[in-house]
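In what follows, a single structure is set out as structure tokens and then discussed.
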Amino acid sequence: MIHEVIPVGPLQCNCSIIGDETTREAMVIDPGDEIELILAFLQKHNLQVKQIVITHAHIDHVGGAMKLRAATGAPILLNQNDYDLLKMLDVQAAWLGMATPGDVEIDRSVTTGETVSAGSHTAQILHTPGHTEGSICLYFEPEKRLIAGDTLFAGSIGRTDLPGGSMQKIMRSLHNTVLSLPDDTVVIPGHGELTTVGDERESNPFLVKR
Ligand SMILES: [Zn+2]
């Protein structure tokens with residue numbers, strides 16, 4: 001599996017490119033910004049984007065989606081519980097002092113029980129509300145990888161004080177969904193360093209049982 005993690009934009013959102021070396025099919029997760037850079041990586045690996053998957057509708061994760069769709073023709077996937085938040089992109093831009101990316105059109109909602117694929121690499125969608133109502137994680141079980149969006153970070157968890165956030169829901173998502181995965185699952189958070197489920201189970205101050 002080809003997997004590039006590319007921090008993009010002023011908030012350094014971890015954009016993932018997942019590609020199949022044989023079919024050259026790819027998915028891009030969270031193309032928040034710097035679409036030219038993402039396209040350069042796609043070209044370097046000779047990949048064709050089949051899906052654009054958004055872990056949640058915060059501007060730093062979704063801001064470049066329309067530009068990438070225009071360049072690749074790939075559909076944009078987001079959980080429908082974040083559609084309201086997506087209508088607030090101009091408000092989000094104002095909070096951060098960023099330019100508004102304009103309207104983002106979603107082609108399809110995805111939720112728990114569904115999968116998305118790039119060639120032979122398939123991710124299970126896990127709906128993990130809490131950071132936002134429509135937050136999802138992508139779980140590549142055979143490859144032991146979890147793209148966690150802003151639900152889990154190395155040593156921390158997603159903030160819940162923004163619209164749609166809920167501390168109760170994120171704790172439920174973390175304990176019932178994320179921590180149900182094997183310890184050796186590599187976690188690619190929405191920002192910052194990679195970690196594993198086992199490391200976070202053991203040492204994340206928000207998750208350690210006292
Ligand atoms: Zn976020």
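For the structure tokens, the naming scheme is as follows: chains receive sequential letters (A, B, ...) according to their order of presentation, residues are indexed from 1 within each chain, and ligands are indexed from 1 in presentation order.
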What's around segment 180-186 of chain A at 9 Å? Count only C-alpha atoms, leave out sequence neighbours fewer than 2 positions away in its own chain, and write the answer as a PyMOL selection string. chain A and resi 141+143-147+174-178+188+194-201
Take the residues from that selection and put them in a file with N, CA and C atoms, as a PDB file, in the first residue's frame.
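Listed below is the output, selection10.pdb:
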```pdb
ATOM      1  N   GLU A 141      -8.312  -2.503   8.209  1.00  0.00           N
ATOM      2  CA  GLU A 141      -8.052  -3.604   9.136  1.00  0.00           C
ATOM      3  C   GLU A 141      -6.833  -4.444   8.740  1.00  0.00           C
ATOM      4  N   GLU A 143      -4.318  -3.695   6.970  1.00  0.00           N
ATOM      5  CA  GLU A 143      -3.108  -2.875   6.999  1.00  0.00           C
ATOM      6  C   GLU A 143      -2.848  -2.297   8.392  1.00  0.00           C
ATOM      7  N   LYS A 144      -3.771  -2.559   9.335  1.00  0.00           N
ATOM      8  CA  LYS A 144      -3.642  -2.107  10.735  1.00  0.00           C
ATOM      9  C   LYS A 144      -3.425  -0.595  10.828  1.00  0.00           C
ATOM     10  N   ARG A 145      -4.302   0.150  10.177  1.00  0.00           N
ATOM     11  CA  ARG A 145      -4.182   1.607  10.174  1.00  0.00           C
ATOM     12  C   ARG A 145      -5.517   2.249  10.446  1.00  0.00           C
ATOM     13  N   LEU A 146      -5.514   3.303  11.233  1.00  0.00           N
ATOM     14  CA  LEU A 146      -6.731   4.065  11.497  1.00  0.00           C
ATOM     15  C   LEU A 146      -6.472   5.531  11.171  1.00  0.00           C
ATOM     16  N   ILE A 147      -7.249   6.059  10.230  1.00  0.00           N
ATOM     17  CA  ILE A 147      -7.208   7.496   9.973  1.00  0.00           C
ATOM     18  C   ILE A 147      -8.257   8.088  10.905  1.00  0.00           C
ATOM     19  N   LEU A 174     -14.597   7.080  21.614  1.00  0.00           N
ATOM     20  CA  LEU A 174     -13.236   6.603  21.867  1.00  0.00           C
ATOM     21  C   LEU A 174     -13.261   5.244  22.568  1.00  0.00           C
ATOM     22  N   HIS A 175     -14.067   5.127  23.620  1.00  0.00           N
ATOM     23  CA  HIS A 175     -14.070   3.878  24.391  1.00  0.00           C
ATOM     24  C   HIS A 175     -14.749   2.739  23.638  1.00  0.00           C
ATOM     25  N   ASN A 176     -15.885   3.010  22.989  1.00  0.00           N
ATOM     26  CA  ASN A 176     -16.647   1.928  22.352  1.00  0.00           C
ATOM     27  C   ASN A 176     -16.122   1.571  20.969  1.00  0.00           C
ATOM     28  N   THR A 177     -15.518   2.517  20.265  1.00  0.00           N
ATOM     29  CA  THR A 177     -15.132   2.266  18.875  1.00  0.00           C
ATOM     30  C   THR A 177     -13.614   2.229  18.713  1.00  0.00           C
ATOM     31  N   VAL A 178     -12.942   3.328  19.028  1.00  0.00           N
ATOM     32  CA  VAL A 178     -11.497   3.402  18.745  1.00  0.00           C
ATOM     33  C   VAL A 178     -10.718   2.416  19.618  1.00  0.00           C
ATOM     34  N   ILE A 188      -3.340   7.532  12.528  1.00  0.00           N
ATOM     35  CA  ILE A 188      -2.944   8.763  11.854  1.00  0.00           C
ATOM     36  C   ILE A 188      -3.953   9.829  12.274  1.00  0.00           C
ATOM     37  N   LEU A 194       2.063  10.547  14.435  1.00  0.00           N
ATOM     38  CA  LEU A 194       1.376   9.261  14.420  1.00  0.00           C
ATOM     39  C   LEU A 194       1.528   8.585  15.774  1.00  0.00           C
ATOM     40  N   THR A 195       0.611   7.664  16.093  1.00  0.00           N
ATOM     41  CA  THR A 195       0.676   6.944  17.350  1.00  0.00           C
ATOM     42  C   THR A 195       0.074   5.559  17.126  1.00  0.00           C
ATOM     43  N   THR A 196      -0.196   4.824  18.202  1.00  0.00           N
ATOM     44  CA  THR A 196      -0.889   3.538  18.068  1.00  0.00           C
ATOM     45  C   THR A 196      -2.022   3.488  19.090  1.00  0.00           C
ATOM     46  N   VAL A 197      -2.980   2.609  18.846  1.00  0.00           N
ATOM     47  CA  VAL A 197      -4.089   2.438  19.789  1.00  0.00           C
ATOM     48  C   VAL A 197      -3.538   2.016  21.152  1.00  0.00           C
ATOM     49  N   GLY A 198      -2.555   1.120  21.159  1.00  0.00           N
ATOM     50  CA  GLY A 198      -1.986   0.627  22.421  1.00  0.00           C
ATOM     51  C   GLY A 198      -1.316   1.729  23.225  1.00  0.00           C
ATOM     52  N   ASP A 199      -0.520   2.577  22.532  1.00  0.00           N
ATOM     53  CA  ASP A 199       0.149   3.687  23.225  1.00  0.00           C
ATOM     54  C   ASP A 199      -0.874   4.633  23.844  1.00  0.00           C
ATOM     55  N   GLU A 200      -1.939   4.924  23.113  1.00  0.00           N
ATOM     56  CA  GLU A 200      -2.946   5.857  23.641  1.00  0.00           C
ATOM     57  C   GLU A 200      -3.744   5.216  24.772  1.00  0.00           C
ATOM     58  N   ARG A 201      -4.036   3.922  24.627  1.00  0.00           N
ATOM     59  CA  ARG A 201      -4.746   3.207  25.693  1.00  0.00           C
ATOM     60  C   ARG A 201      -3.936   3.288  26.992  1.00  0.00           C
TER      61      ARG A 201
END
```
Compute the set of protein, DNA and RNA residues whose minimum atom distance to ligand 1 is at most 7 Å, using only C-alpha atoms and all ligand atoms, and state it as an MDAnalysis selection string. chainID A and resid 56 58 131 150
Go ahead and write the selection's residues with N, CA and C atoms as a PDB file, in the first residue's frame.
```pdb
ATOM      1  N   HIS A  56     -14.386  15.114   8.733  1.00  0.00           N
ATOM      2  CA  HIS A  56     -15.392  15.988   9.361  1.00  0.00           C
ATOM      3  C   HIS A  56     -15.311  17.355   8.688  1.00  0.00           C
ATOM      4  N   HIS A  58     -14.704  20.471   9.212  1.00  0.00           N
ATOM      5  CA  HIS A  58     -13.942  21.659   9.602  1.00  0.00           C
ATOM      6  C   HIS A  58     -13.104  22.117   8.410  1.00  0.00           C
ATOM      7  N   HIS A 131     -16.198  15.157  18.372  1.00  0.00           N
ATOM      8  CA  HIS A 131     -15.508  16.382  17.925  1.00  0.00           C
ATOM      9  C   HIS A 131     -16.485  17.186  17.075  1.00  0.00           C
ATOM     10  N   ASP A 150     -10.020  14.292  13.738  1.00  0.00           N
ATOM     11  CA  ASP A 150      -9.717  15.002  14.981  1.00  0.00           C
ATOM     12  C   ASP A 150     -10.361  14.333  16.196  1.00  0.00           C
TER      13      ASP A 150
END
```
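Taking only C-alpha atoms, the non-local environment of Leu37 of chain A within 10 Å (same-chain residues fewer than 6 positions away omitted) comprises Ile6, Val8 and Gln43 of chain A.
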Residues just named, written with N, CA, C and O atoms as a short mmCIF file (atom, residue, chain, number, x, y, z; two decimals), in the first residue's frame:
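See part_8.cif below for the written result:
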```
data_model
loop_
_atom_site.label_atom_id
_atom_site.label_comp_id
_atom_site.auth_asym_id
_atom_site.auth_seq_id
_atom_site.Cartn_x
_atom_site.Cartn_y
_atom_site.Cartn_z
N ILE A 6 0.52 13.96 4.47
CA ILE A 6 1.03 15.28 4.08
C ILE A 6 0.35 16.36 4.91
O ILE A 6 -0.85 16.60 4.76
N VAL A 8 -1.00 19.80 5.61
CA VAL A 8 -1.35 20.88 4.69
C VAL A 8 -2.00 22.05 5.42
O VAL A 8 -2.67 21.88 6.44
N GLN A 43 0.90 12.48 -8.67
CA GLN A 43 1.61 12.32 -9.94
C GLN A 43 2.89 11.51 -9.74
O GLN A 43 3.21 10.63 -10.54
#
```
Which polymer residues have any atom within 12 Å of an atom of Val62 of chain A, counting only C-alpha atoms, with same-chain residues fewer than 3 positions away left out, as a PyMOL selection string? chain A and resi 8-9+13-15+28-35+52-59+65-69+76-78+82-83+85-89+92-93+100-106+149+190
Apply DSSP to the structure's backbone, then extract all residues of segment 3-205 of chain A labelled alpha helix (DSSP H) and return them as a VMD selection string. chain A and resid 35 to 44 59 to 62 65 to 72 83 to 86 89 to 96 167 to 176 197 to 203
Write out as a list in words which residues come within 6 Å of segment 161-172 of chain A when counting only C-alpha atoms, dropping same-chain ones fewer than 5 positions away. Pro129, Gly130, His131, Thr132 and Glu133 of chain A
Close residues, Val49 of chain A itself excluded, 7 Å, only C-alpha atoms, min 4 positions apart in chain, as a ChimeraX atom specification: /A:25-28,72,74
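One distance worth recording is that between atom CA of Cys137 of chain A and atom CA of Leu96 of chain A, which is 24.4 Å.
The spacing separating atom CA of Gln124 of chain A from atom CA of Val208 of chain A amounts to 25.8 Å.
Here the strand (DSSP E) residues in segment 8-123 of chain A, by DSSP on the backbone, are A:Val8, A:Cys13, A:Asn14, A:Cys15, A:Ser16, A:Ile17, A:Ile18, A:Gly19, A:Glu25, A:Ala26, A:Met27, A:Val28, A:Ile29, A:Gln48, A:Val49, A:Lys50, A:Gln51, A:Ile52, A:Val53, A:Ile76, A:Leu77, A:Thr115, A:Val116, A:Ser117, A:Ala118, A:His121, A:Thr122, A:Ala123.
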Dump C-alpha atoms for the selected residues as an mmCIF file, in the first residue's frame?
```cif
data_model
loop_
_atom_site.group_PDB
_atom_site.id
_atom_site.type_symbol
_atom_site.label_atom_id
_atom_site.label_comp_id
_atom_site.auth_asym_id
_atom_site.auth_seq_id
_atom_site.Cartn_x
_atom_site.Cartn_y
_atom_site.Cartn_z
ATOM 1 C CA VAL A 8 -1.346 20.883 4.688
ATOM 2 C CA CYS A 13 -4.030 19.060 8.772
ATOM 3 C CA ASN A 14 -2.695 15.557 8.049
ATOM 4 C CA CYS A 15 -3.942 14.779 4.532
ATOM 5 C CA SER A 16 -3.581 11.086 3.628
ATOM 6 C CA ILE A 17 -3.119 9.627 0.183
ATOM 7 C CA ILE A 18 -3.825 5.880 0.082
ATOM 8 C CA GLY A 19 -2.879 4.127 -3.141
ATOM 9 C CA GLU A 25 -6.185 3.702 -7.757
ATOM 10 C CA ALA A 26 -6.179 6.083 -4.797
ATOM 11 C CA MET A 27 -8.264 7.853 -2.220
ATOM 12 C CA VAL A 28 -7.427 11.186 -0.644
ATOM 13 C CA ILE A 29 -8.535 11.834 2.923
ATOM 14 C CA GLN A 48 -5.739 8.144 -10.035
ATOM 15 C CA VAL A 49 -8.050 9.463 -7.335
ATOM 16 C CA LYS A 50 -11.325 7.529 -7.051
ATOM 17 C CA GLN A 51 -12.644 8.959 -3.770
ATOM 18 C CA ILE A 52 -12.184 12.078 -1.682
ATOM 19 C CA VAL A 53 -13.117 11.287 1.922
ATOM 20 C CA ILE A 76 -16.512 13.854 -2.177
ATOM 21 C CA LEU A 77 -17.743 11.728 0.755
ATOM 22 C CA THR A 115 -16.575 0.769 3.161
ATOM 23 C CA VAL A 116 -14.474 2.879 0.802
ATOM 24 C CA SER A 117 -11.720 1.446 -1.374
ATOM 25 C CA ALA A 118 -8.622 2.367 -3.316
ATOM 26 C CA HIS A 121 -7.203 -1.434 0.014
ATOM 27 C CA THR A 122 -10.536 -1.120 1.781
ATOM 28 C CA ALA A 123 -11.410 0.999 4.798
#
```
Residue contacts of Thr22 of chain A (10 Å, only C-alpha atoms) excluding same-chain residues fewer than 4 positions away, as a ChimeraX atom specification: /A:1,119-120
Written file, previous selection with all heavy atoms, as a PDB file, in the first residue's frame:
```
ATOM      1  N   MET A   1       0.836  -1.195   0.000  1.00  0.00           N
ATOM      2  CA  MET A   1       0.000   0.000   0.000  1.00  0.00           C
ATOM      3  C   MET A   1       0.875   1.251   0.000  1.00  0.00           C
ATOM      4  O   MET A   1       1.837   1.340   0.753  1.00  0.00           O
ATOM      5  CB  MET A   1      -0.902   0.010   1.245  1.00  0.00           C
ATOM      6  CG  MET A   1      -1.753   1.267   1.367  1.00  0.00           C
ATOM      7  SD  MET A   1      -3.066   1.172   2.611  1.00  0.00           S
ATOM      8  CE  MET A   1      -2.163   1.427   4.119  1.00  0.00           C
ATOM      9  N   GLY A 119      -8.446   0.590  -4.966  1.00  0.00           N
ATOM     10  CA  GLY A 119      -7.976  -0.693  -5.470  1.00  0.00           C
ATOM     11  C   GLY A 119      -8.265  -1.782  -4.458  1.00  0.00           C
ATOM     12  O   GLY A 119      -9.410  -1.946  -4.024  1.00  0.00           O
ATOM     13  N   SER A 120      -7.213  -2.510  -4.020  1.00  0.00           N
ATOM     14  CA  SER A 120      -7.405  -3.632  -3.089  1.00  0.00           C
ATOM     15  C   SER A 120      -7.416  -3.201  -1.622  1.00  0.00           C
ATOM     16  O   SER A 120      -7.556  -4.039  -0.734  1.00  0.00           O
ATOM     17  CB  SER A 120      -6.286  -4.653  -3.302  1.00  0.00           C
ATOM     18  OG  SER A 120      -5.049  -4.053  -2.972  1.00  0.00           O
TER      19      SER A 120
END
```
